[in-house]
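**Student:** Sharing query16.cif (mmCIF, C-alpha atoms) below.
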data_coords
loop_
_atom_site.label_atom_id
_atom_site.label_comp_id
_atom_site.auth_asym_id
_atom_site.auth_seq_id
_atom_site.Cartn_x
_atom_site.Cartn_y
_atom_site.Cartn_z
CA MET A 1428 72.95 72.50 -19.37
CA GLN A 1429 70.75 71.57 -22.32
CA LEU A 1430 68.42 73.91 -24.17
CA LEU A 1431 65.33 72.26 -25.66
CA ARG A 1432 63.40 74.44 -28.09
CA LEU A 1433 59.68 73.98 -27.47
CA THR A 1434 58.31 76.77 -29.70
CA ASP A 1435 59.77 79.78 -31.50
CA THR A 1436 59.67 81.72 -28.22
CA LEU A 1437 59.84 79.08 -25.46
CA THR A 1438 62.90 77.03 -24.53
CA LEU A 1439 63.17 74.45 -21.75
CA VAL A 1440 66.38 75.01 -19.79
CA LYS A 1441 67.44 71.57 -18.59
CA ALA A 1442 69.75 72.04 -15.63
CA PRO A 1443 72.60 69.61 -14.94
CA VAL A 1444 72.45 67.50 -11.78
CA THR A 1445 75.52 68.60 -9.86
CA GLY A 1446 74.68 67.73 -6.25
CA PHE A 1447 71.83 67.48 -3.77
CA PHE A 1448 68.94 69.81 -4.54
CA ASN A 1449 70.92 72.68 -6.06
CA THR A 1450 69.57 72.94 -9.63
CA CYS A 1451 66.23 72.85 -11.43
CA HIS A 1452 64.88 73.10 -14.96
CA GLY A 1453 63.19 76.26 -16.16
CA LEU A 1454 61.54 78.07 -19.01
CA LEU A 1455 63.24 80.74 -21.09
CA VAL A 1456 60.74 83.13 -22.69
CA ALA A 1457 62.11 85.01 -25.69
CA GLY A 1458 61.03 88.55 -26.58
CA ARG A 1459 62.13 92.13 -26.36
CA ARG A 1460 62.81 91.53 -22.66
CA PRO A 1461 63.53 87.82 -22.21
CA VAL A 1462 62.39 86.17 -18.98
CA LEU A 1463 63.79 83.14 -17.19
CA ILE A 1464 61.29 81.22 -15.05
CA ASP A 1465 63.22 79.16 -12.47
CA GLY A 1466 66.00 77.52 -14.52
CA ASN A 1467 68.60 77.46 -11.76
CA ALA A 1468 71.28 75.73 -13.83
CA GLY A 1469 74.23 76.96 -11.75
CA ARG A 1470 75.86 80.38 -11.82
CA GLU A 1471 78.11 79.77 -14.82
CA ASN A 1472 75.13 78.63 -16.87
CA LEU A 1473 72.99 81.51 -15.62
CA GLU A 1474 75.72 83.89 -16.78
CA ARG A 1475 75.67 82.16 -20.16
CA LEU A 1476 71.90 82.57 -20.44
CA ILE A 1477 72.13 86.24 -19.51
CA ARG A 1478 74.89 86.92 -22.04
CA GLN A 1479 73.57 84.73 -24.87
CA PHE A 1480 69.85 85.53 -24.62
CA GLY A 1481 69.80 88.86 -22.81
CA VAL A 1482 67.71 87.65 -19.88
CA HIS A 1483 65.99 90.74 -18.51
CA GLU A 1484 63.89 89.35 -15.65
CA HIS A 1485 63.86 86.26 -13.44
CA LEU A 1486 60.89 84.57 -11.76
CA ALA A 1487 61.21 82.02 -8.94
CA THR A 1488 58.28 79.75 -8.19
CA HIS A 1489 58.98 78.64 -4.61
CA PHE A 1490 61.57 78.89 -1.87
CA HIS A 1491 63.18 75.41 -1.85
CA LEU A 1492 66.95 75.55 -2.27
CA ASP A 1493 67.05 74.22 -5.83
CA HIS A 1494 64.69 77.02 -6.91
CA ALA A 1495 65.95 79.80 -4.64
CA ILE A 1496 69.72 79.76 -4.16
CA GLN A 1497 70.16 81.74 -7.38
CA VAL A 1498 67.70 84.50 -6.47
CA GLY A 1499 70.12 86.75 -4.56
CA PHE A 1500 72.68 86.39 -7.34
CA MET A 1501 70.08 87.19 -10.00
CA ILE A 1502 68.89 90.27 -8.09
CA GLU A 1503 72.44 91.60 -8.23
CA ARG A 1504 73.04 90.51 -11.81
CA LEU A 1505 69.71 91.80 -13.21
CA GLU A 1506 69.67 94.99 -11.14
CA GLY A 1507 66.67 93.91 -9.07
CA ARG A 1508 64.46 92.56 -11.86
CA VAL A 1509 63.49 89.43 -9.95
CA ARG A 1510 60.07 88.32 -8.71
CA VAL A 1511 59.17 85.42 -6.42
CA SER A 1512 55.97 83.69 -5.38
CA ALA A 1513 54.19 86.26 -3.21
CA ALA A 1514 53.08 83.80 -0.52
CA GLU A 1515 56.68 82.71 -0.03
CA HIS A 1516 58.47 86.04 -0.14
CA PRO A 1517 59.34 85.84 3.60
CA TYR A 1518 61.24 82.58 3.00
CA PHE A 1519 63.29 84.16 0.21
CA ALA A 1520 63.87 87.27 2.32
CA SER A 1521 65.35 85.47 5.32
CA LEU A 1522 66.99 82.09 5.77
CA ASP A 1523 66.20 82.38 9.49
CA TYR A 1524 62.50 82.60 8.59
CA PHE A 1525 62.91 79.64 6.21
CA ILE A 1526 64.41 77.53 9.00
CA ALA A 1527 61.86 78.61 11.61
CA HIS A 1528 58.81 77.87 9.45
CA THR A 1529 59.67 74.50 7.92
CA GLY A 1530 60.38 72.40 11.01
CA LEU A 1531 64.14 72.52 10.49
CA GLY A 1532 64.74 74.77 13.50
CA GLN A 1533 62.42 72.84 15.79
CA ASN A 1534 64.27 69.64 14.93
CA GLY A 1535 67.77 70.87 15.69
CA LEU A 1536 68.82 71.33 12.06
CA ALA A 1537 69.34 75.10 11.93
CA LYS A 1538 73.14 74.93 11.98
CA ILE A 1539 73.31 72.12 9.41
CA TRP A 1540 70.85 73.84 7.07
CA THR A 1541 72.62 77.19 7.34
CA GLY A 1542 75.87 75.48 6.46
CA ILE A 1543 74.32 73.85 3.41
CA ALA A 1544 72.41 76.89 2.17
CA LYS A 1545 74.92 79.65 2.85
CA GLY A 1546 78.17 77.75 3.06
CA ALA A 1547 77.86 75.19 0.27
CA TYR A 1548 75.22 76.75 -2.00
CA GLY A 1549 75.77 80.49 -1.63
CA TRP A 1550 72.31 81.47 -0.39
CA LEU A 1551 71.75 85.23 -0.13
CA ASP A 1552 68.73 86.63 1.71
CA SER A 1553 66.59 88.42 -0.87
CA PRO A 1554 64.18 90.90 0.74
CA ALA A 1555 64.44 93.12 -2.35
CA ALA A 1556 62.69 90.60 -4.63
CA GLY A 1557 59.38 91.64 -6.14
CA VAL A 1558 56.38 89.31 -6.14
CA PHE A 1559 53.78 87.66 -8.36
CA GLY A 1560 51.05 85.19 -7.53
CA PRO A 1561 48.10 83.01 -8.50
CA GLY A 1562 45.40 84.65 -10.57
CA GLU A 1563 47.84 86.99 -12.28
CA VAL A 1564 48.31 86.94 -16.04
CA LEU A 1565 51.89 87.63 -17.08
CA GLU A 1566 52.24 89.10 -20.57
CA PHE A 1567 55.61 88.61 -22.28
CA ASP A 1568 55.39 89.83 -25.88
CA ARG A 1569 54.02 86.77 -27.73
CA ASN A 1570 53.41 84.63 -24.65
CA ARG A 1571 50.76 84.95 -21.99
CA PHE A 1572 51.07 82.95 -18.78
CA GLU A 1573 48.34 82.35 -16.23
CA VAL A 1574 49.81 81.82 -12.76
CA ILE A 1575 48.26 78.77 -11.09
CA ALA A 1576 48.20 77.97 -7.37
CA LEU A 1577 49.61 74.46 -6.82
CA PRO A 1578 50.17 74.22 -3.04
CA GLY A 1579 51.16 71.07 -1.19
CA HIS A 1580 54.79 70.85 -2.25
CA SER A 1581 55.13 74.20 -0.50
CA PRO A 1582 52.48 76.67 0.69
CA GLY A 1583 52.91 79.13 -2.18
CA HIS A 1584 54.09 76.75 -4.91
CA VAL A 1585 52.85 77.92 -8.32
CA GLY A 1586 52.74 76.73 -11.91
CA PHE A 1587 52.05 78.35 -15.28
CA TRP A 1588 49.56 77.80 -18.10
CA GLU A 1589 50.29 79.17 -21.57
CA PRO A 1590 46.93 78.83 -23.39
CA ARG A 1591 48.08 79.72 -26.91
CA GLU A 1592 50.79 77.06 -26.94
CA LYS A 1593 48.87 74.75 -24.58
CA ILE A 1594 51.93 74.30 -22.39
CA LEU A 1595 51.50 73.58 -18.68
CA PHE A 1596 54.56 74.12 -16.49
CA ALA A 1597 53.69 72.23 -13.30
CA VAL A 1598 57.08 73.00 -11.70
CA ASP A 1599 57.77 70.71 -8.70
CA VAL A 1600 54.52 68.78 -8.60
CA GLY A 1601 56.48 65.51 -8.73
CA LEU A 1602 56.89 64.33 -12.32
CA ASP A 1603 60.42 63.13 -11.56
CA ARG A 1604 61.42 59.63 -10.42
CA PHE A 1605 60.90 60.31 -6.69
CA GLY A 1606 57.40 61.66 -7.21
CA PRO A 1607 55.48 64.10 -4.98
CA TRP A 1608 57.52 65.61 -2.16
CA TYR A 1609 55.97 67.10 0.99
CA GLY A 1610 58.77 66.89 3.54
CA PHE A 1611 58.49 70.15 5.47
CA THR A 1612 56.10 70.46 8.40
CA HIS A 1613 53.86 73.04 6.69
CA CYS A 1614 53.10 70.74 3.73
CA ARG A 1615 49.58 69.32 3.55
CA LEU A 1616 48.66 66.16 1.68
CA GLU A 1617 45.09 67.30 1.01
CA GLU A 1618 46.44 70.43 -0.69
CA TYR A 1619 48.82 68.34 -2.77
CA LEU A 1620 46.02 66.05 -3.96
CA ALA A 1621 43.88 69.06 -4.87
CA SER A 1622 46.77 70.52 -6.87
CA ILE A 1623 47.13 67.28 -8.81
CA GLU A 1624 43.43 67.46 -9.66
CA GLU A 1625 43.91 71.08 -10.74
CA LEU A 1626 46.33 69.94 -13.46
CA ARG A 1627 43.51 68.00 -15.16
CA ARG A 1628 41.69 71.26 -15.92
CA TYR A 1629 44.17 72.31 -18.59
CA PRO A 1630 44.06 70.81 -22.12
CA ALA A 1631 47.83 70.70 -22.40
CA ARG A 1632 49.82 69.34 -25.31
CA LEU A 1633 53.03 69.56 -23.25
CA LEU A 1634 53.42 69.09 -19.50
CA LEU A 1635 56.70 70.36 -18.01
CA GLY A 1636 58.31 69.70 -14.65
CA SER A 1637 61.33 71.00 -12.78
CA HIS A 1638 63.31 67.76 -12.78
CA SER A 1639 61.91 65.70 -15.66
CA ASP A 1640 61.62 65.54 -19.42
CA PRO A 1641 58.55 67.07 -21.12
CA VAL A 1642 55.44 64.89 -21.17
CA THR A 1643 53.60 64.89 -24.50
CA GLU A 1644 49.84 65.06 -24.92
CA ALA A 1645 49.09 61.34 -25.17
CA ASP A 1646 51.01 60.59 -21.97
CA ILE A 1647 49.76 63.49 -19.84
CA PRO A 1648 46.68 61.74 -18.32
CA GLY A 1649 48.85 58.82 -17.23
CA ALA A 1650 51.53 61.11 -15.80
CA ILE A 1651 48.98 62.99 -13.70
CA ALA A 1652 47.32 59.77 -12.56
CA GLY A 1653 50.78 58.50 -11.62
CA LEU A 1654 51.22 61.35 -9.13
CA LYS A 1655 48.13 60.26 -7.18
CA ASP A 1656 49.09 56.61 -7.52
CA LYS A 1657 52.50 57.29 -5.95
CA ILE A 1658 50.92 59.04 -2.97
CA GLU A 1659 48.36 56.25 -2.57
CA GLN A 1660 51.06 53.57 -2.72
CA ARG A 1661 52.99 55.32 0.04
CA HIS A 1662 49.82 55.80 2.05
CA GLN A 1663 48.84 52.14 1.95
CA ALA A 1664 52.39 51.03 2.80
CA ILE A 1665 52.43 53.37 5.80
CA LEU A 1666 49.03 52.13 7.02
CA ARG A 1667 50.27 48.53 6.80
CA ALA A 1668 53.39 49.49 8.73
CA VAL A 1669 51.26 51.19 11.40
CA GLU A 1670 49.45 47.90 12.01
CA LYS A 1671 52.80 46.27 12.86
CA LEU A 1672 54.81 49.09 14.42
CA GLY A 1673 52.28 51.58 15.74
CA SER A 1674 51.55 55.15 14.68
CA ARG A 1675 54.61 56.97 16.05
CA ALA A 1676 56.31 58.42 12.99
CA GLU A 1677 59.81 57.99 14.41
CA ASP A 1678 59.24 54.23 14.63
CA LEU A 1679 58.33 54.13 10.93
CA VAL A 1680 61.51 55.78 9.65
CA ASN A 1681 64.10 53.56 7.92
CA GLN A 1682 61.47 50.97 7.04
CA GLY A 1683 61.69 51.60 3.30
CA LEU A 1684 58.39 53.47 3.28
CA ILE A 1685 59.76 56.65 1.65
CA PHE A 1686 63.46 56.14 0.94
CA PRO A 1687 65.01 52.70 0.29
CA LYS A 1688 66.23 50.98 3.44
CA ASP A 1689 69.78 50.87 2.15
CA TYR A 1690 70.04 54.48 0.90
CA ARG A 1691 73.19 56.38 1.81
CA VAL A 1692 73.89 60.12 1.59
CA PRO A 1693 77.08 61.98 2.52
CA GLU A 1694 77.42 64.25 5.52
CA PRO A 1695 75.80 66.53 6.53
CA TRP A 1696 72.69 65.15 4.75
CA PRO A 1697 71.76 62.06 6.85
CA ALA A 1698 70.09 64.09 9.60
CA VAL A 1699 68.16 66.10 7.00
CA PHE A 1700 66.96 62.98 5.18
CA HIS A 1701 65.88 61.45 8.49
CA PHE A 1702 63.84 64.57 9.23
CA TRP A 1703 62.35 64.57 5.73
CA GLU A 1704 61.36 60.91 5.90
CA ARG A 1705 59.72 61.31 9.29
CA THR A 1706 57.91 64.45 8.11
CA LEU A 1707 56.65 62.80 4.92
CA ILE A 1708 55.32 59.92 7.03
CA GLU A 1709 53.71 62.39 9.45
CA ARG A 1710 51.80 63.96 6.57
CA HIS A 1711 50.24 60.57 5.81
CA LEU A 1712 49.43 59.91 9.46
CA GLU A 1713 47.86 63.35 9.66
CA PHE A 1714 45.85 62.65 6.51
CA ALA A 1715 44.65 59.35 7.99
CA GLU A 1716 43.94 61.14 11.30
CA LEU A 1717 46.46 58.94 13.09
CA GLY A 1718 49.03 61.64 13.79
#
In structure tokens, write the structure found in this file.
**Tutor:**
Amino acid sequence: MQLLRLTDTLTLVKAPVTGFFNTCHGLLVAGRRPVLIDGNAGRENLERLIRQFGVHEHLATHFHLDHAIQVGFMIERLEGRVRVSAAEHPYFASLDYFIAHTGLGQNGLAKIWTGIAKGAYGWLDSPAAGVFGPGEVLEFDRNRFEVIALPGHSPGHVGFWEPREKILFAVDVGLDRFGPWYGFTHCRLEEYLASIEELRRYPARLLLGSHSDPVTEADIPGAIAGLKDKIEQRHQAILRAVEKLGSRAEDLVNQGLIFPKDYRVPEPWPAVFHFWERTLIERHLEFAELG
């Protein structure tokens, strides 16, 4: 774990990469009652943050494993002082709901996903979590965060705008190497594109993401444009593939359209990656009205 001081009250918690989708960066907000936004850096590091900085409250932005497997632990550790994105509370509350409403269950992956989430990653259902949501203003001593709706990556995915410091935390909008991710069946490409446009509204001097280094002011326009470019590149590649192979998503998997043709992942992940690739392709077919 690395701690990158952004201002006198804001620190970027850079989580180590220790496996598949089990950590994420976050924002530590100093004050009389310090707050950790996401920042799932693993339980040992979370304990360190609690002890060293006196973390009083934890906020989780969306229900994907890398942002949610720590929530049950943090509820216990912080005596319930945990809030999650309101629109996604049911996913945090029940892994069965998570599986049933993402396409995992309908595609025969319930047992595999339960084994990953509960067995390997220690998922705990968290019905006791409180909630927050878009339109709210969160006041933390010297910092004031506006909660922004950024759906597409997930239905209730949110980001944060700190106007005094001009810091925009776009969370999982796709600033990392892979780019935008919309691999569950409830994701919508049109929502994702609208969320990317939403980022342009904020005159940020720093743009933060969940799996990337901070983007400074001069590079922010290019970083945001790059998100749309990545989606458009995938879209055009998929449309070209449709001309050759037809519009059945299953026939377009393993063609190098989303993941490299030669990618390899250990068990039990291959079936999950296959589902994700097909679902990402389906979102493009749906957007092009071919699905």
**Student:** Take the PyMOL selection byres ((chain A and resi 1624) around 10), run it mentally on this structure, and tell me the resulting residues as a VMD selection string.
**Tutor:** chain A and resid 1577 1618 to 1623 1625 to 1628 1651 to 1652 1654 to 1655
**Student:** Please write as a PyMOL selection string the full residue list that the PyMOL selection byres ((chain A and resi 1483) around 6) yields on this file.
**Tutor:** chain A and resi 1460-1462+1482+1484
**Student:** Can you list what the PyMOL selection byres ((chain A and resi 1551-1565) around 10) grabs from this structure, as a PyMOL selection string?
**Tutor:** chain A and resi 1485-1488+1495-1503+1507-1523+1544-1545+1548-1550+1566-1568+1570-1577+1583-1589
**Student:** Pick the closest to Phe1605 in chain A from A:Gly1653, A:Lys1593, A:Phe1702, A:Asp1646: which is it, counting all atoms listed in the file?
**Tutor:**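 Closest residue, counting all atoms listed in the file: A:Gly1653.
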**Student:** Could you list as an NGL selection string every residue that has an atom within 10 Å of (70.6, 55.6, 3.6), using the file's coordinates and counting only C-alpha atoms?
**Tutor:** :A and (1681 or 1683 or 1686-1693 or 1696-1697 or 1700-1701)
**Student:** Do a neighbour search on Arg1661 in chain A at 12 Å with all atoms listed in the file, toss out local chain neighbours closer than 4 positions, and write the hits as a ChimeraX atom specification.
**Tutor:** /A:1605-1608,1616,1654-1657,1665-1668,1682-1686,1704,1707-1712
